[in-house]
Amino acid sequence: MVGVVERLAAIVGPAHVLTDGDLTAAFETDWTGRWRGRCAAVVRPADRDQVRAVLHLCNSEGVAVVPQGGNTGLVGGAVPPDGAVVLVTTRIREIGSLDEVAGQLTAGAGATLGAVAAAVRGSGWEVGIDLAARDSATIGGLVATNAGGARAVRYGPMRSQVAGIEAVLADGSVVSRLAGLAKDNTGYDLAGLLTGSEGTLAVITAVRLQLVPAAGLRVAALVALPSTADAVALVSRARRALPGLLAAELFHESGMQLVLGHASLAHPFGAPGAGAYLLLETSDPADALAPLLDGFDDALLADDEAGRTRLWQHRERHTEAINAAGVPHKLDVSLPIGRIAAFEDRCLALVGDRARVVLYGHLGDGNLHVNLLGPAPDDETLDEAVLRLVIEMDGCISAEHGIGRAKAGLLPLDRSAGDLAAMRAIKRALDPAGILNPGVLFEDARQT
Ligand SMILES: Cc1cc2nc3c(=O)[nH]c(=O)nc-3n(C[C@H](O)[C@H](O)[C@H](O)COP(=O)(O)OP(=O)(O)OC[C@H]3O[C@@H](n4cnc5c(N)ncnc54)[C@H](O)[C@@H]3O)c2cc1C
């Protein structure tokens, strides 16, 4: 490995190869603190050609490579197995000029979502995706995980924002389609294949983003409801009544209390007690929202930025507040939206007093985050029991975070033998030596 480290330094410059444990530590642990590894080196290429050279070298030497962007992923997908090279993309962050006519731009994979959002602010276009990790999460990471976030109910997940991708395959060859053509049926959709591939098929180096028209008006409402079933019914009505619905987020008193304690905030409704909280945001005028809220005494509305931020923090700060309470087991599941309330009841009964459960999520998409606090980091018993319940109720075990290392052993619960064989064949074809992110998606990708 010593020789490889020297050759990596010759490619990217010695300042951009880290081997000292104090310097590599931040790249070896995930955001939740649950997943750790010990890499041989962290390498930070400046551009696509350096990525090519790094991959070519590692492929010929049989060294595993773990692509990493902002390291905000929640399934251990960017954490290295021992001895791997972590390839960090954050120096590849150039943001190209905006094509105002098409509403598109090309961003380097390491540009953060926040930086791209800032670059297009005021243009009449905006990025159709948003999430609380916006200032660290990178465009490459968002595409590699096919991230969702609060606005997916309106604009779809990251897949819907991708108009083209440039990426480097394991052997250093480049695939590139960045013209951003709305219609392009010339062969396989490689951008579609790489979206959601979690760093197992290629290192994404640039993304052509399709932006969405910026919402002029934004009105947010935080509603306290008797139960999740009431929240589901309200979301269903909101989807029909509000063509501009941008978000429909669910949380509960358990999460509310964690956020209030963590952020030293007063209860927005004065006292606890609601069965469920629903945060709606729409680009329709407040008048359109009002009839939906008739009959609910506890609803707070805001149409200015400060007021919306105040309401949103109760939802957006869940992830950090849960992390501050312990090392969570994070399950991110999809269910038919009509079964969410029943799932919550059955999940709470199943877990009982074996863990503290915090449930919240993107209700408009039927996407629930199940957070379990208490079990030891390596004790998967409850995770598996909850995920089996999800499948029994016609859901899937990853809605937006991906499979990563966290759920690799459980993938066969959710995908058929035929699906898995097809996925392994794709992996073998694009990465025959299995150097890219071994252990992610498939428990042992080197033996595909
Ligand atoms: C506070 C908070 C809120 C969040 N909210 C949401 C949310 O609402 N919705 C949601 O979907 N996620 C959410 N996440 C999870 C996370 O932000 C997303 O998964 C995001 O897409 C990860 O981007 P990243 O740059 O940090 O990727 P990383 O964590 O660095 O990597 C994630 C995966 O992508 C791969 N990867 C990264 N860059 C590349 C690349 N250039 N080429 C190939 N593979 C690559 C990695 O190998 C890894 O498998 C949240 C996380 C936090 C901490």
# chains A, B, ... in the order shown; residues from 1 in each chain; ligands from 1
>>> select_by_dssp(residues="stretch 187-387 of chain A", states="alpha helix (DSSP H)", output="PyMOL selection string")
chain A and resi 190-194+228-241+253-263+286-293+305-316+318-325+340-351+381-387
>>> closest_atom_pairs(of="chain A", to="ligand 1", cutoff="6 Å", atoms="only C-alpha atoms and all ligand atoms", output="CSV")
residue,atom,partner,partner_atom_place_in_ligand_line,distance
A:Val66,CA,ligand 1,47 (O),5.4
A:Pro67,CA,ligand 1,47 (O),4.1
A:Gln68,CA,ligand 1,30 (O),3.8
A:Gly69,CA,ligand 1,30 (O),3.5
A:Gly70,CA,ligand 1,26 (O),3.4
A:Asn71,CA,ligand 1,29 (O),3.3
A:Thr72,CA,ligand 1,26 (O),3.6
A:Gly73,CA,ligand 1,29 (O),3.4
A:Leu74,CA,ligand 1,15 (C),5.4
A:Gly77,CA,ligand 1,49 (O),3.6
A:Ala78,CA,ligand 1,48 (C),4.1
A:Thr89,CA,ligand 1,41 (N),5.9
A:Ala109,CA,ligand 1,41 (N),5.1
A:Leu131,CA,ligand 1,8 (O),4.5
A:Ala132,CA,ligand 1,3 (C),4.4
A:Ala133,CA,ligand 1,2 (C),4.4
A:Ala137,CA,ligand 1,25 (O),3.8
A:Thr138,CA,ligand 1,25 (O),3.6
A:Gly140,CA,ligand 1,41 (N),3.9
A:Gly141,CA,ligand 1,37 (C),3.6
A:Leu142,CA,ligand 1,21 (O),3.3
A:Ala144,CA,ligand 1,34 (O),4.6
A:Thr145,CA,ligand 1,21 (O),5.2
A:Ala147,CA,ligand 1,11 (O),3.4
A:Gly148,CA,ligand 1,11 (O),3.9
A:Gly149,CA,ligand 1,8 (O),3.4
A:Ala150,CA,ligand 1,8 (O),5.8
A:Glu198,CA,ligand 1,49 (O),3.9
A:Gly199,CA,ligand 1,44 (N),3.3
A:Ala202,CA,ligand 1,43 (C),5.7
A:Val203,CA,ligand 1,42 (N),3.7
A:Ile204,CA,ligand 1,42 (N),3.7
A:Thr205,CA,ligand 1,41 (N),5.6
A:Thr319,CA,ligand 1,1 (C),5.0
A:Glu320,CA,ligand 1,1 (C),5.9
A:Glu400,CA,ligand 1,11 (O),4.4
A:His401,CA,ligand 1,11 (O),5.0
A:Gly404,CA,ligand 1,49 (O),5.8
>>> residues_around(residues="A:Asp444", least_positions_apart="3", cutoff="12 Å", atoms="only C-alpha atoms", output="tab-separated table (two decimals) with N, CA, C and O atoms, in the first residue's frame")
chain	number	residue	atom	x	y	z
A	81	PRO	N	-14.43	0.28	4.29
A	81	PRO	CA	-13.97	-0.95	4.94
A	81	PRO	C	-12.47	-0.77	5.22
A	81	PRO	O	-11.81	0.04	4.55
A	200	THR	N	-21.38	2.27	-6.09
A	200	THR	CA	-20.95	0.89	-6.37
A	200	THR	C	-20.64	0.65	-7.85
A	200	THR	O	-20.08	-0.39	-8.19
A	404	GLY	N	-26.79	1.10	1.48
A	404	GLY	CA	-25.51	1.30	2.16
A	404	GLY	C	-24.95	0.02	2.74
A	404	GLY	O	-25.17	-1.08	2.22
A	405	ARG	N	-24.19	0.17	3.84
A	405	ARG	CA	-23.74	-1.01	4.59
A	405	ARG	C	-24.82	-1.45	5.56
A	405	ARG	O	-24.94	-2.62	5.88
A	408	ALA	N	-27.38	-3.84	3.84
A	408	ALA	CA	-26.93	-4.76	2.79
A	408	ALA	C	-27.37	-6.20	3.08
A	408	ALA	O	-27.83	-6.92	2.18
A	409	GLY	N	-27.28	-6.61	4.35
A	409	GLY	CA	-27.64	-7.98	4.70
A	409	GLY	C	-29.14	-8.23	4.57
A	409	GLY	O	-29.58	-9.39	4.50
A	424	ARG	N	-26.45	-7.94	-9.58
A	424	ARG	CA	-25.07	-8.43	-9.48
A	424	ARG	C	-24.41	-8.50	-10.85
A	424	ARG	O	-23.21	-8.24	-11.00
A	427	LYS	N	-23.28	-5.05	-11.69
A	427	LYS	CA	-22.09	-4.73	-10.88
A	427	LYS	C	-20.85	-5.40	-11.49
A	427	LYS	O	-19.81	-4.77	-11.66
A	434	GLY	N	-14.56	-5.53	-8.51
A	434	GLY	CA	-15.30	-5.24	-7.27
A	434	GLY	C	-14.60	-4.23	-6.37
A	434	GLY	O	-14.70	-4.30	-5.15
A	435	ILE	N	-13.93	-3.22	-6.98
A	435	ILE	CA	-13.20	-2.26	-6.13
A	435	ILE	C	-14.09	-1.15	-5.59
A	435	ILE	O	-13.76	-0.50	-4.61
A	436	LEU	N	-15.23	-0.89	-6.28
A	436	LEU	CA	-16.03	0.28	-5.88
A	436	LEU	C	-17.01	-0.05	-4.76
A	436	LEU	O	-17.93	-0.84	-4.92
A	437	ASN	N	-16.76	0.55	-3.62
A	437	ASN	CA	-17.63	0.46	-2.45
A	437	ASN	C	-18.03	-0.97	-2.08
A	437	ASN	O	-19.23	-1.27	-1.91
A	438	PRO	N	-17.04	-1.87	-1.92
A	438	PRO	CA	-17.40	-3.24	-1.53
A	438	PRO	C	-18.11	-3.25	-0.18
A	438	PRO	O	-17.73	-2.51	0.71
A	439	GLY	N	-19.14	-4.07	-0.08
A	439	GLY	CA	-19.90	-4.15	1.18
A	439	GLY	C	-21.12	-3.25	1.19
A	439	GLY	O	-21.97	-3.37	2.06
A	440	VAL	N	-21.20	-2.33	0.21
A	440	VAL	CA	-22.41	-1.51	0.08
A	440	VAL	C	-23.34	-2.19	-0.91
A	440	VAL	O	-22.89	-2.73	-1.92
A	441	LEU	N	-24.61	-2.21	-0.61
A	441	LEU	CA	-25.64	-2.83	-1.43
A	441	LEU	C	-25.59	-4.36	-1.34
A	441	LEU	O	-26.56	-5.00	-0.97
A	447	GLN	N	-17.45	-10.77	-4.18
A	447	GLN	CA	-17.76	-12.14	-4.59
A	447	GLN	C	-19.09	-12.17	-5.35
A	447	GLN	O	-19.90	-13.03	-5.15
A	448	THR	N	-19.28	-11.17	-6.18
A	448	THR	CA	-20.53	-11.16	-6.94
A	448	THR	C	-20.45	-12.19	-8.05
A	448	THR	O	-21.30	-12.36	-8.82
>>> closest_residue(among="A:Pro412, A:Pro291, A:Gly395, A:Gly402", to="A:Arg237", atoms="only C-alpha atoms")
A:Pro291
>>> atom_distance(atom1="atom CA of A:Arg48", atom2="atom CA of A:Ile129")
25.0 Å
